[in-house]
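Everything below belongs to structure_8.cif, which stores mmCIF, C-alpha atoms and all ligand atoms.
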```cif
data_my_file
#
loop_
_atom_site.label_atom_id
_atom_site.label_comp_id
_atom_site.auth_asym_id
_atom_site.auth_seq_id
_atom_site.Cartn_x
_atom_site.Cartn_y
_atom_site.Cartn_z
CA MET A 7 0.00 0.00 0.00
CA LYS A 8 2.72 2.40 1.03
CA MET A 9 4.57 1.56 -2.19
CA LYS A 10 1.51 2.37 -4.22
CA ILE A 11 1.07 5.78 -2.60
CA LEU A 12 4.72 6.61 -3.10
CA ALA A 13 4.43 5.62 -6.73
CA ALA A 14 1.35 7.82 -7.11
CA ILE A 15 3.19 10.80 -5.59
CA ALA A 16 6.14 10.22 -7.88
CA LEU A 17 3.81 10.20 -10.87
CA LEU A 18 2.14 13.42 -9.75
CA ALA A 19 5.50 15.09 -9.23
CA MET A 20 6.80 14.15 -12.65
CA PRO A 21 4.74 16.39 -14.95
CA VAL A 22 5.38 19.40 -12.67
CA ALA A 23 9.14 18.90 -12.91
CA ALA A 24 8.79 18.51 -16.65
CA LEU A 25 6.89 21.82 -16.86
CA ALA A 26 9.60 23.61 -14.89
CA GLU A 27 12.12 22.34 -17.44
CA ASP A 28 9.95 23.56 -20.31
CA ALA A 29 9.75 27.03 -18.84
CA ALA A 30 13.55 27.16 -18.97
CA GLY A 31 13.36 26.16 -22.63
CA LYS A 32 15.41 23.04 -21.98
CA LEU A 33 15.24 19.64 -23.56
CA PRO A 34 14.23 16.61 -21.49
CA ALA A 35 17.35 14.96 -20.00
CA LYS A 36 19.29 12.67 -22.31
CA ASP A 37 18.82 9.69 -20.00
CA GLN A 38 15.04 9.93 -20.43
CA TYR A 39 15.41 8.47 -23.94
CA ILE A 40 15.65 4.75 -24.74
CA THR A 41 15.83 4.81 -28.61
CA SER A 42 13.68 2.80 -31.03
CA GLU A 43 15.49 -0.38 -30.04
CA GLY A 44 14.21 0.18 -26.49
CA CYS A 45 10.55 0.28 -27.65
CA LYS A 46 10.83 -2.76 -29.89
CA GLY A 47 10.31 -5.51 -27.29
CA CYS A 48 6.87 -4.26 -26.23
CA HIS A 49 5.73 -2.74 -29.54
CA ILE A 50 6.95 -5.15 -32.18
CA LYS A 51 4.02 -4.31 -34.48
CA GLU A 52 4.76 -0.56 -34.51
CA HIS A 53 8.49 -1.24 -34.76
CA THR A 54 7.94 -3.42 -37.84
CA GLY A 55 5.67 -0.77 -39.34
CA TRP A 56 8.26 1.94 -38.67
CA LEU A 57 11.03 -0.14 -40.28
CA ARG A 58 9.03 -0.03 -43.52
CA THR A 59 8.98 3.79 -43.54
CA PHE A 60 11.62 6.17 -44.86
CA HIS A 61 11.84 7.62 -41.34
CA SER A 62 13.81 4.55 -40.27
CA THR A 63 16.33 4.80 -43.12
CA ALA A 64 16.86 8.58 -43.32
CA ILE A 65 20.35 8.27 -41.79
CA GLN A 66 22.44 5.12 -42.05
CA ASN A 67 26.02 4.09 -41.47
CA PRO A 68 27.32 2.22 -44.52
CA LYS A 69 29.92 0.46 -42.39
CA TYR A 70 27.13 -1.31 -40.49
CA VAL A 71 24.50 -1.32 -43.27
CA PRO A 72 26.34 -1.63 -46.61
CA SER A 73 23.02 -2.08 -48.44
CA ALA A 74 22.05 1.48 -47.45
CA VAL A 75 24.31 2.85 -50.18
CA LYS A 76 22.27 3.58 -53.34
CA GLY A 77 24.90 5.52 -55.33
CA ASP A 78 27.14 3.94 -57.98
CA PHE A 79 30.63 4.49 -56.57
CA THR A 80 32.28 2.66 -59.49
CA GLN A 81 31.67 5.62 -61.81
CA PRO A 82 34.89 7.57 -62.60
CA GLY A 83 35.51 11.23 -61.70
CA LEU A 84 33.38 11.29 -58.59
CA GLY A 85 36.00 13.09 -56.49
CA PHE A 86 35.41 11.05 -53.32
CA THR A 87 35.29 7.37 -52.44
CA LEU A 88 32.86 5.16 -50.56
CA GLN A 89 35.52 4.76 -47.83
CA GLU A 90 35.17 8.48 -47.08
CA VAL A 91 31.43 8.17 -46.45
CA ASP A 92 30.64 8.06 -42.74
CA LEU A 93 26.85 8.37 -43.03
CA THR A 94 24.23 8.31 -45.78
CA ILE A 95 21.34 10.79 -45.64
CA GLY A 96 18.13 10.20 -47.61
CA SER A 97 16.69 6.94 -48.83
CA HIS A 98 13.73 7.60 -51.10
CA TRP A 99 14.33 10.08 -53.96
CA THR A 100 17.81 11.42 -53.32
CA GLN A 101 20.78 10.24 -51.32
CA ARG A 102 23.64 12.38 -50.04
CA TYR A 103 26.86 11.34 -48.35
CA MET A 104 28.43 12.72 -45.20
CA LYS A 105 32.03 12.83 -44.15
CA LYS A 106 33.15 13.49 -40.60
CA ILE A 107 35.68 16.31 -40.31
CA ASP A 108 36.78 17.23 -36.76
CA ASP A 109 33.63 17.20 -34.61
CA ASP A 110 31.05 17.73 -37.36
CA TYR A 111 29.80 16.18 -40.58
CA TYR A 112 29.84 17.75 -44.05
CA ILE A 113 27.79 16.78 -47.12
CA LEU A 114 30.03 15.58 -49.94
CA PRO A 115 29.57 17.55 -53.19
CA LYS A 116 27.62 15.04 -55.26
CA SER A 117 24.13 13.64 -54.67
CA TRP A 118 22.83 10.40 -56.07
CA SER A 119 19.40 10.73 -57.65
CA ILE A 120 17.72 7.43 -56.85
CA SER A 121 14.87 8.07 -59.28
CA SER A 122 17.08 8.91 -62.30
CA GLN A 123 20.07 6.75 -61.22
CA ARG A 124 22.74 9.40 -61.69
CA TRP A 125 25.09 11.73 -59.81
CA GLU A 126 24.26 15.44 -59.56
CA ASN A 127 26.48 18.25 -58.29
CA TYR A 128 25.66 19.50 -54.80
CA ASN A 129 27.26 22.65 -53.31
CA VAL A 130 30.47 21.90 -55.16
CA TRP A 131 32.23 25.08 -54.00
CA SER A 132 30.75 25.52 -50.55
CA TRP A 133 30.21 22.05 -49.11
CA GLN A 134 32.91 22.49 -46.46
CA LYS A 135 31.20 25.67 -45.21
CA GLN A 136 27.89 24.05 -44.29
CA PRO A 137 28.19 21.91 -41.17
CA TYR A 138 25.51 19.28 -40.67
CA SER A 139 24.97 20.49 -37.08
CA LYS A 140 23.76 23.95 -38.23
CA TYR A 141 21.89 23.15 -41.43
CA CYS A 142 20.52 19.62 -41.21
CA ILE A 143 20.81 17.57 -38.04
CA GLY A 144 17.71 18.76 -36.14
CA CYS A 145 15.36 17.17 -38.69
CA HIS A 146 17.23 13.91 -39.17
CA VAL A 147 17.85 12.76 -35.57
CA VAL A 148 16.17 12.50 -32.16
CA ARG A 149 16.92 15.17 -29.52
CA PHE A 150 19.64 17.33 -30.98
CA ASP A 151 21.37 19.38 -28.29
CA PRO A 152 23.27 22.37 -29.71
CA ALA A 153 25.25 22.74 -26.47
CA ASP A 154 27.46 19.75 -27.30
CA LYS A 155 26.18 18.77 -30.79
CA SER A 156 24.88 15.52 -29.32
CA TYR A 157 21.82 13.48 -30.25
CA VAL A 158 20.30 10.30 -28.83
CA GLU A 159 19.52 8.44 -32.07
CA HIS A 160 20.43 9.00 -35.67
CA THR A 161 17.37 8.90 -38.00
CA ILE A 162 13.71 9.66 -37.12
CA GLY A 163 13.24 7.21 -34.26
CA CYS A 164 10.07 6.56 -32.23
CA GLU A 165 10.88 9.30 -29.72
CA ALA A 166 10.99 11.97 -32.46
CA CYS A 167 7.19 11.64 -32.62
CA HIS A 168 6.42 10.24 -29.16
CA GLY A 169 8.85 12.11 -26.91
CA PRO A 170 11.18 10.50 -24.35
CA GLY A 171 10.06 6.99 -23.34
CA LYS A 172 12.09 5.92 -20.32
CA GLY A 173 9.44 6.63 -17.67
CA HIS A 174 6.87 4.89 -19.83
CA ALA A 175 9.07 1.82 -20.41
CA ASP A 176 10.22 1.54 -16.77
CA THR A 177 6.60 1.33 -15.59
CA GLY A 178 5.68 -1.36 -18.13
CA GLY A 179 3.74 1.11 -20.27
CA ASN A 180 1.94 3.06 -17.53
CA GLY A 181 4.15 6.14 -17.52
CA ARG A 182 3.68 9.23 -19.60
CA ILE A 183 4.27 8.91 -23.35
CA VAL A 184 2.87 11.13 -26.10
CA ASN A 185 0.19 9.54 -28.26
CA PRO A 186 -0.16 12.02 -31.15
CA ALA A 187 -3.72 10.81 -31.76
CA LYS A 188 -4.72 12.16 -28.33
CA LEU A 189 -3.26 15.66 -28.80
CA GLY A 190 -5.09 18.74 -30.05
CA SER A 191 -4.61 19.37 -33.76
CA VAL A 192 -2.02 22.15 -33.32
CA GLU A 193 0.16 19.96 -31.07
CA MET A 194 -0.35 16.92 -33.31
CA GLU A 195 0.61 18.74 -36.50
CA SER A 196 3.45 20.51 -34.67
CA ILE A 197 5.23 17.14 -34.41
CA CYS A 198 5.34 16.56 -38.17
CA ALA A 199 5.80 20.25 -38.96
CA SER A 200 8.91 20.39 -36.74
CA CYS A 201 10.69 18.70 -39.67
CA HIS A 202 8.32 19.00 -42.63
CA VAL A 203 8.19 22.83 -42.61
CA ARG A 204 11.28 24.87 -43.52
CA GLY A 205 12.29 27.67 -41.16
CA LYS A 206 14.71 29.01 -38.57
CA ASP A 207 14.94 28.83 -34.79
CA PRO A 208 14.26 32.24 -33.17
CA SER A 209 18.02 32.97 -32.88
CA GLY A 210 18.28 32.62 -36.66
CA GLN A 211 21.33 30.35 -36.29
CA TYR A 212 19.76 26.99 -37.05
CA SER A 213 17.59 25.76 -39.93
CA PHE A 214 15.39 23.75 -37.54
CA PRO A 215 13.66 24.23 -34.17
CA ILE A 216 15.80 23.97 -31.02
CA GLY A 217 14.24 22.49 -27.86
CA PHE A 218 10.94 21.40 -29.40
CA THR A 219 9.57 18.02 -28.25
CA PRO A 220 6.30 16.24 -29.09
CA GLY A 221 3.31 17.63 -27.18
CA LYS A 222 4.47 21.26 -27.49
CA ASN A 223 3.29 24.03 -29.79
CA LEU A 224 5.99 24.43 -32.43
CA ALA A 225 5.25 28.16 -32.77
CA ASP A 226 7.15 28.70 -29.49
CA TYR A 227 10.34 27.29 -31.05
CA TYR A 228 10.30 28.03 -34.77
CA ILE A 229 9.67 30.66 -37.43
CA PRO A 230 8.71 29.31 -40.85
CA ASP A 231 10.40 30.73 -43.94
CA LYS A 232 7.26 31.25 -45.97
CA LEU A 233 4.96 33.26 -43.69
CA LYS A 234 2.42 35.39 -45.51
CA PRO A 235 2.29 39.11 -44.62
CA GLY A 236 0.33 39.49 -41.37
CA GLU A 237 0.04 35.74 -40.82
CA GLY A 238 0.59 34.43 -37.26
CA ILE A 239 3.46 31.98 -36.71
CA SER A 240 1.23 29.13 -35.58
CA ASP A 241 -1.24 29.63 -38.46
CA GLY A 242 1.65 29.78 -40.93
CA ILE A 243 3.23 26.57 -39.65
CA ILE A 244 -0.04 24.66 -39.91
CA ARG A 245 -0.85 26.09 -43.36
CA ILE A 246 2.58 25.20 -44.79
CA PHE A 247 2.48 21.72 -43.26
CA ARG A 248 -0.99 21.06 -44.68
CA GLU A 249 0.10 22.22 -48.15
CA TRP A 250 2.94 19.67 -48.04
CA TRP A 251 0.69 16.96 -46.60
CA GLY A 252 -1.87 17.57 -49.39
CA LYS A 253 0.81 16.80 -51.98
CA ALA A 254 3.02 14.20 -50.30
CA GLY A 255 1.05 12.95 -47.31
CA ASP A 256 0.93 9.25 -46.63
CA GLU A 257 -0.59 7.78 -43.46
CA GLU A 258 1.76 4.83 -43.80
CA ALA A 259 4.65 7.09 -42.93
CA MET A 260 3.80 6.54 -39.25
CA CYS A 261 4.22 3.38 -37.22
CA SER A 262 0.93 1.56 -36.88
CA VAL A 263 0.80 -0.05 -40.30
C1 LIG B 1 12.56 14.47 -36.74
C2 LIG B 1 12.06 14.92 -38.05
C3 LIG B 1 10.79 14.34 -38.58
C4 LIG B 1 9.56 14.22 -37.95
C5 LIG B 1 9.20 14.57 -36.50
C6 LIG B 1 8.65 13.71 -38.95
N1 LIG B 1 9.30 13.49 -40.13
FE1 LIG B 1 8.51 12.70 -41.83
N2 LIG B 1 10.35 12.67 -42.70
C7 LIG B 1 11.49 13.22 -42.16
C8 LIG B 1 12.61 12.98 -43.06
C9 LIG B 1 14.04 13.43 -42.84
C10 LIG B 1 12.11 12.25 -44.14
C11 LIG B 1 12.91 11.73 -45.35
C12 LIG B 1 13.48 10.37 -45.05
C13 LIG B 1 14.13 9.72 -46.23
O1 LIG B 1 13.50 9.64 -47.29
O2 LIG B 1 15.26 9.22 -46.10
C14 LIG B 1 10.67 12.07 -43.89
C15 LIG B 1 9.79 11.42 -44.74
C16 LIG B 1 8.42 11.42 -44.59
C17 LIG B 1 7.49 10.93 -45.56
C18 LIG B 1 7.87 10.28 -46.89
C19 LIG B 1 8.01 11.35 -47.93
C20 LIG B 1 8.60 10.84 -49.21
O3 LIG B 1 8.25 11.42 -50.24
O4 LIG B 1 9.41 9.92 -49.20
C21 LIG B 1 6.22 11.18 -45.10
C22 LIG B 1 4.89 10.90 -45.79
C23 LIG B 1 6.37 11.76 -43.76
N3 LIG B 1 7.72 11.90 -43.51
C24 LIG B 1 5.32 12.14 -42.93
C25 LIG B 1 5.47 12.53 -41.60
C26 LIG B 1 4.38 12.73 -40.66
C27 LIG B 1 2.91 12.56 -40.97
C28 LIG B 1 4.94 13.09 -39.47
C29 LIG B 1 4.25 13.40 -38.16
C30 LIG B 1 3.38 12.38 -37.62
C31 LIG B 1 6.38 13.14 -39.67
N4 LIG B 1 6.67 12.79 -40.96
C32 LIG B 1 7.30 13.48 -38.69
C33 LIG B 1 11.58 13.88 -40.95
C34 LIG B 1 10.60 13.89 -39.97
C1 LIG B 2 13.50 21.65 -41.39
C2 LIG B 2 13.93 20.26 -41.39
C3 LIG B 2 15.01 19.79 -42.32
C4 LIG B 2 16.27 20.30 -42.49
C5 LIG B 2 16.88 21.50 -41.79
C6 LIG B 2 16.93 19.44 -43.44
N1 LIG B 2 16.10 18.44 -43.83
FE1 LIG B 2 16.52 16.95 -45.15
N2 LIG B 2 14.57 16.41 -45.15
C7 LIG B 2 13.63 16.87 -44.27
C8 LIG B 2 12.35 16.25 -44.59
C9 LIG B 2 11.07 16.50 -43.84
C10 LIG B 2 12.55 15.42 -45.71
C11 LIG B 2 11.52 14.63 -46.46
C12 LIG B 2 10.94 15.64 -47.42
C13 LIG B 2 9.86 15.15 -48.30
O1 LIG B 2 9.80 13.97 -48.63
O2 LIG B 2 9.06 16.02 -48.75
C14 LIG B 2 13.97 15.55 -46.03
C15 LIG B 2 14.59 14.88 -47.07
C16 LIG B 2 15.95 14.89 -47.31
C17 LIG B 2 16.61 14.13 -48.35
C18 LIG B 2 15.95 13.29 -49.40
C19 LIG B 2 15.42 12.08 -48.84
C20 LIG B 2 14.88 11.22 -49.92
O3 LIG B 2 14.70 10.07 -49.58
O4 LIG B 2 14.66 11.63 -51.05
C21 LIG B 2 17.96 14.37 -48.24
C22 LIG B 2 19.08 13.79 -49.10
C23 LIG B 2 18.11 15.32 -47.16
N3 LIG B 2 16.88 15.62 -46.61
C24 LIG B 2 19.32 15.86 -46.76
C25 LIG B 2 19.42 17.00 -45.97
C26 LIG B 2 20.64 17.74 -45.82
C27 LIG B 2 21.98 17.36 -46.42
C28 LIG B 2 20.34 18.82 -45.03
C29 LIG B 2 21.24 19.94 -44.59
C30 LIG B 2 21.96 20.65 -45.64
C31 LIG B 2 18.92 18.72 -44.69
N4 LIG B 2 18.40 17.61 -45.28
C32 LIG B 2 18.24 19.63 -43.89
C33 LIG B 2 13.81 17.79 -43.27
C34 LIG B 2 14.91 18.61 -43.17
C1 LIG B 3 6.70 9.97 -37.83
C2 LIG B 3 6.14 9.92 -36.51
C3 LIG B 3 6.10 8.62 -35.77
C4 LIG B 3 7.15 7.76 -35.54
C5 LIG B 3 8.58 7.87 -36.04
C6 LIG B 3 6.61 6.69 -34.73
N1 LIG B 3 5.29 6.92 -34.46
FE1 LIG B 3 4.10 5.80 -33.26
N2 LIG B 3 2.49 7.00 -33.72
C7 LIG B 3 2.55 8.12 -34.51
C8 LIG B 3 1.22 8.68 -34.66
C9 LIG B 3 0.86 9.91 -35.47
C10 LIG B 3 0.34 7.83 -33.91
C11 LIG B 3 -1.17 7.98 -33.72
C12 LIG B 3 -1.92 7.74 -34.99
C13 LIG B 3 -1.77 6.35 -35.44
O1 LIG B 3 -2.16 5.45 -34.69
O2 LIG B 3 -1.27 6.15 -36.56
C14 LIG B 3 1.18 6.78 -33.33
C15 LIG B 3 0.72 5.77 -32.52
C16 LIG B 3 1.54 4.86 -31.83
C17 LIG B 3 1.08 3.89 -30.83
C18 LIG B 3 -0.34 3.72 -30.36
C19 LIG B 3 -1.02 2.79 -31.29
C20 LIG B 3 -2.48 2.54 -30.91
O3 LIG B 3 -2.95 1.49 -31.31
O4 LIG B 3 -3.08 3.38 -30.28
C21 LIG B 3 2.18 3.18 -30.43
C22 LIG B 3 2.21 2.06 -29.40
C23 LIG B 3 3.32 3.69 -31.17
N3 LIG B 3 2.90 4.70 -32.00
C24 LIG B 3 4.63 3.23 -31.03
C25 LIG B 3 5.68 3.61 -31.85
C26 LIG B 3 6.98 2.98 -31.84
C27 LIG B 3 7.38 1.85 -30.93
C28 LIG B 3 7.74 3.64 -32.77
C29 LIG B 3 9.16 3.34 -33.23
C30 LIG B 3 9.45 1.97 -33.62
C31 LIG B 3 6.92 4.69 -33.35
N4 LIG B 3 5.68 4.63 -32.77
C32 LIG B 3 7.37 5.61 -34.29
C33 LIG B 3 3.67 8.68 -35.07
C34 LIG B 3 4.94 8.08 -35.08
C1 LIG B 4 7.95 -2.54 -21.06
C2 LIG B 4 7.06 -2.47 -22.20
C3 LIG B 4 6.98 -1.17 -22.97
C4 LIG B 4 8.01 -0.45 -23.52
C5 LIG B 4 9.50 -0.72 -23.44
C6 LIG B 4 7.38 0.61 -24.26
N1 LIG B 4 6.02 0.54 -24.15
FE1 LIG B 4 4.66 1.75 -25.03
N2 LIG B 4 3.14 0.80 -24.10
C7 LIG B 4 3.30 -0.34 -23.34
C8 LIG B 4 1.98 -0.79 -22.88
C9 LIG B 4 1.70 -2.02 -22.03
C10 LIG B 4 1.05 0.16 -23.37
C11 LIG B 4 -0.45 0.15 -23.21
C12 LIG B 4 -0.96 -0.67 -24.34
C13 LIG B 4 -2.43 -0.59 -24.51
O1 LIG B 4 -3.10 0.11 -23.77
O2 LIG B 4 -2.88 -1.24 -25.49
C14 LIG B 4 1.81 1.13 -24.14
C15 LIG B 4 1.24 2.20 -24.81
C16 LIG B 4 1.94 3.05 -25.65
C17 LIG B 4 1.36 4.14 -26.40
C18 LIG B 4 -0.09 4.57 -26.37
C19 LIG B 4 -0.24 5.51 -25.21
C20 LIG B 4 -1.61 6.15 -25.11
O3 LIG B 4 -1.76 6.99 -24.23
O4 LIG B 4 -2.49 5.85 -25.92
C21 LIG B 4 2.37 4.72 -27.11
C22 LIG B 4 2.26 5.91 -28.04
C23 LIG B 4 3.59 3.99 -26.79
N3 LIG B 4 3.30 3.00 -25.91
C24 LIG B 4 4.82 4.28 -27.33
C25 LIG B 4 6.02 3.72 -26.91
C26 LIG B 4 7.31 4.15 -27.36
C27 LIG B 4 7.56 5.22 -28.40
C28 LIG B 4 8.23 3.40 -26.69
C29 LIG B 4 9.74 3.53 -26.74
C30 LIG B 4 10.27 4.87 -26.48
C31 LIG B 4 7.50 2.50 -25.82
N4 LIG B 4 6.17 2.73 -25.97
C32 LIG B 4 8.10 1.56 -24.99
C33 LIG B 4 4.47 -0.98 -23.02
C34 LIG B 4 5.73 -0.53 -23.37
#
```
Kindly present the structure from the file in structure tokens form.
Amino acid sequence: MKMKILAAIALLAMPVAALAEDAAGKLPAKDQYITSEGCKGCHIKEHTGWLRTFHSTAIQNPKYVPSAVKGDFTQPGLGFTLQEVDLTIGSHWTQRYMKKIDDDYYILPKSWSISSQRWENYNVWSWQKQPYSKYCIGCHVVRFDPADKSYVEHTIGCEACHGPGKGHADTGGNGRIVNPAKLGSVEMESICASCHVRGKDPSGQYSFPIGFTPGKNLADYYIPDKLKPGEGISDGIIRIFREWWGKAGDEEAMCSV
């Protein structure tokens, strides 16, 4: 009985602490994340569904997953080799290749078009001036922290859409986890829009939101590029996301297929 009451108090205390963190604009602690592998055992159906989506293959390491590489590296005159590729980015229409230099990644100057099966130039003169951690990473990983350029999982893992899952997993599924279907429409669409709408964080330094996690209103973390004159940030985000969804939307991009 005592145990139960203590557990209940702990549960009550948790959301309050989380709110205090939000007020400071901080991300949930790193150790609150368990990665997609951590969800798999209890949610094999969703994990299998997710594996079939491009979210699971957005970033891959060719040293562990050689089949991730779509480009034809036997073609002459490429200017870089497969051995230089530390990560692939993209898996549906276009694939780019990243090389680690010092503590950041850079996108090598040719892209492979998967649809037309050929190489295309990409930022040939400026590729070494555009670090992955400023221009790309926030939309291709889970929990990017600009303070130390760290992330908890490469690619769009479960927690990119569901938020940190440790409390939920440790209590056998009773703890707090975001179910997008139970959010209001602004918070629900904010999750997808945090990557599917182009913009800048309020400091203007990053091409993605900083500190946003599922359940929040993205308008507090992000300013879209294509706002109409006089349009509110939140309205703009939702409008731009819906325009994209109308063209490219696919329910099967989620996990419960
Ligand atoms: C953390 C960033 C992130 C979040 C959150 C996110 N996506 Fe994505 N999404 C991506 C990236 C990156 C790709 C491209 C992956 C690839 O092709 O390698 C993608 C691909 C897709 C695709 C396939 C598009 C195509 O043409 O191949 C659809 C559809 C999609 N996402 C829908 C959604 C929906 C709906 C949500 C919200 C429930 C969502 N995404 C949340 C980053 C994200
Ligand atoms: C604001 C979020 C965001 C940023 C920043 C971002 N991406 Fe993406 N990226 C996406 C989304 C979302 C998709 C899927 C788009 C779609 O299908 O319409 C995507 C798709 C891609 C694809 C094609 C995937 C495919 O399968 O065809 C590549 C390659 C890619 N991104 C590389 C990059 C690189 C390199 C950078 C940095 C220079 C970058 N992205 C910055 C969100 C982002
Ligand atoms: C791109 C965003 C996205 C990713 C990535 C994602 N989910 Fe989901 N998930 C959703 C959305 C949206 C819903 C609610 C709507 C639905 O059921 O499709 C959902 C629903 C769920 C549910 C509730 C299903 C039910 O029957 O009510 C579970 C469990 C779940 N996801 C687990 C996972 C796991 C585990 C992973 C990783 C292997 C994952 N999700 C990855 C977006 C995502
Ligand atoms: C120890 C087992 C376990 C682990 C690990 C686990 N879950 Fe769950 N999860 C459950 C159970 C049990 C439920 C309740 C199922 C039901 O009601 O049908 C649940 C429910 C959910 C729901 C629906 C919640 C709601 O309010 O509707 C989502 C979303 C979800 N899990 C996502 C995840 C994600 C994402 C991860 C990994 C970060 C994860 N789970 C890890 C056991 C687990």
### Query
Which chains and residue numbers are within 12 Å of ligand LIG 4 (chain B), counting all atoms listed in the file, if I want them as JSON, numbers by chain?
{"A": [37, 38, 39, 40, 41, 42, 43, 44, 45, 46, 47, 48, 49, 50, 51, 52, 53, 56, 148, 158, 159, 162, 163, 164, 165, 166, 167, 168, 169, 170, 171, 172, 173, 174, 175, 176, 177, 178, 179, 180, 181, 182, 183, 184, 185, 186, 187, 188, 189, 220, 221, 260, 261, 262]}
### Near-Gly217 (chain A) list (8 Å; all atoms listed in the file; drop same-chain fewer than 5 positions) as a list in words
Gly31, Lys32, Leu33, Arg149, Asp151 and Tyr227 of chain A
### Message
Under the rule that all atoms listed in the file are counted, which of A:Gln66, A:Gln134, A:Ser196, A:Ser122 is the nearest residue to ligand LIG 3 (chain B)?
### Response
A:Ser196
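Between atom C34 of ligand LIG 2 (chain B) and CA of Thr94 (chain A) there is a distance of 14.1 Å.
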### Query
Hey, can you pull every residue with an atom no more than 12 Å from (5.6, 8.9, -44.9), using all atoms listed in the file, and send it as a list in words?
Gly55, Trp56, Leu57, Arg58, Thr59, Phe60, His61, Ser62, Thr63, Ala64, Ser97, His98, Ile162, Cys198, His202, Trp250, Trp251, Lys253, Ala254, Gly255, Asp256, Glu257, Glu258, Ala259, Met260, Cys261, Ser262 and Val263 of chain A
### Message
To check your reading of the model: which residues sit at most 6 Å from ligand LIG 2 (chain B) when counting all atoms listed in the file? Write the answer as a list in words.
### Response
Ile95, Gly96, Ser97, His98, Trp99, Thr100, Gln101, Arg102, Ile113, Tyr138, Tyr141, Cys142, Cys145, Cys201, His202, Val203, Arg204, Ser213 and Phe214 of chain A
## Note on the structure
Min atom-atom distance to ligand LIG 3 (chain B) from the set A:Glu126, A:Asp154, A:Asp92, A:Glu193, counting only C-alpha atoms and all ligand atoms, belongs to A:Glu193
### Selected residue, from A:Ile65, A:Gly77, A:Ser200, A:Asp207, that lies nearest to Leu224 (chain A) when counting only C-alpha atoms
A:Ser200
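Considering the residues A:Gly190, A:Gly210, A:Gly252, A:Pro34 and counting only C-alpha atoms and all ligand atoms, ligand LIG 3 (chain B) has its shortest atom-to-atom contact with A:Gly190.
CA of Ile216 (chain A) is positioned 23.6 Å from atom C20 of ligand LIG 1 (chain B).
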#### Entry: Residue contacts of Asp78 (chain A) (9 Å, only C-alpha atoms) excluding same-chain residues fewer than 2 positions away, as a PyMOL selection string
chain A and resi 75-76+80-81+118+123-125
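Put simply, atom O1 of ligand LIG 1 (chain B) is 26.4 Å away from CA of Gly83 (chain A).
Of the residues under consideration (A:Ser132, A:Gln89, A:Ser191, A:Thr54), A:Ser191 shows the shortest atom-to-atom contact distance to Asp241 (chain A) when counting only C-alpha atoms.
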### Task
Using only C-alpha atoms, find all polymer residues with an atom at most 7 Å away from the point (11.2, 30.5, -36.0); report them as a PyMOL selection string.
chain A and resi 205-208+215+227-230
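Shortest separation to Ser209 (chain A) among A:Lys69, A:Lys106, A:Lys116, A:Lys140 occurs at residue A:Lys140, atoms counted being only C-alpha atoms.
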### Query
Which neighbours of Pro137 (chain A) fall inside 8 Å, counting all atoms listed in the file, when residues of the same chain fewer than 6 positions from it are skipped, and could you give them as an MDAnalysis selection string?
chainID A and resid 110:113
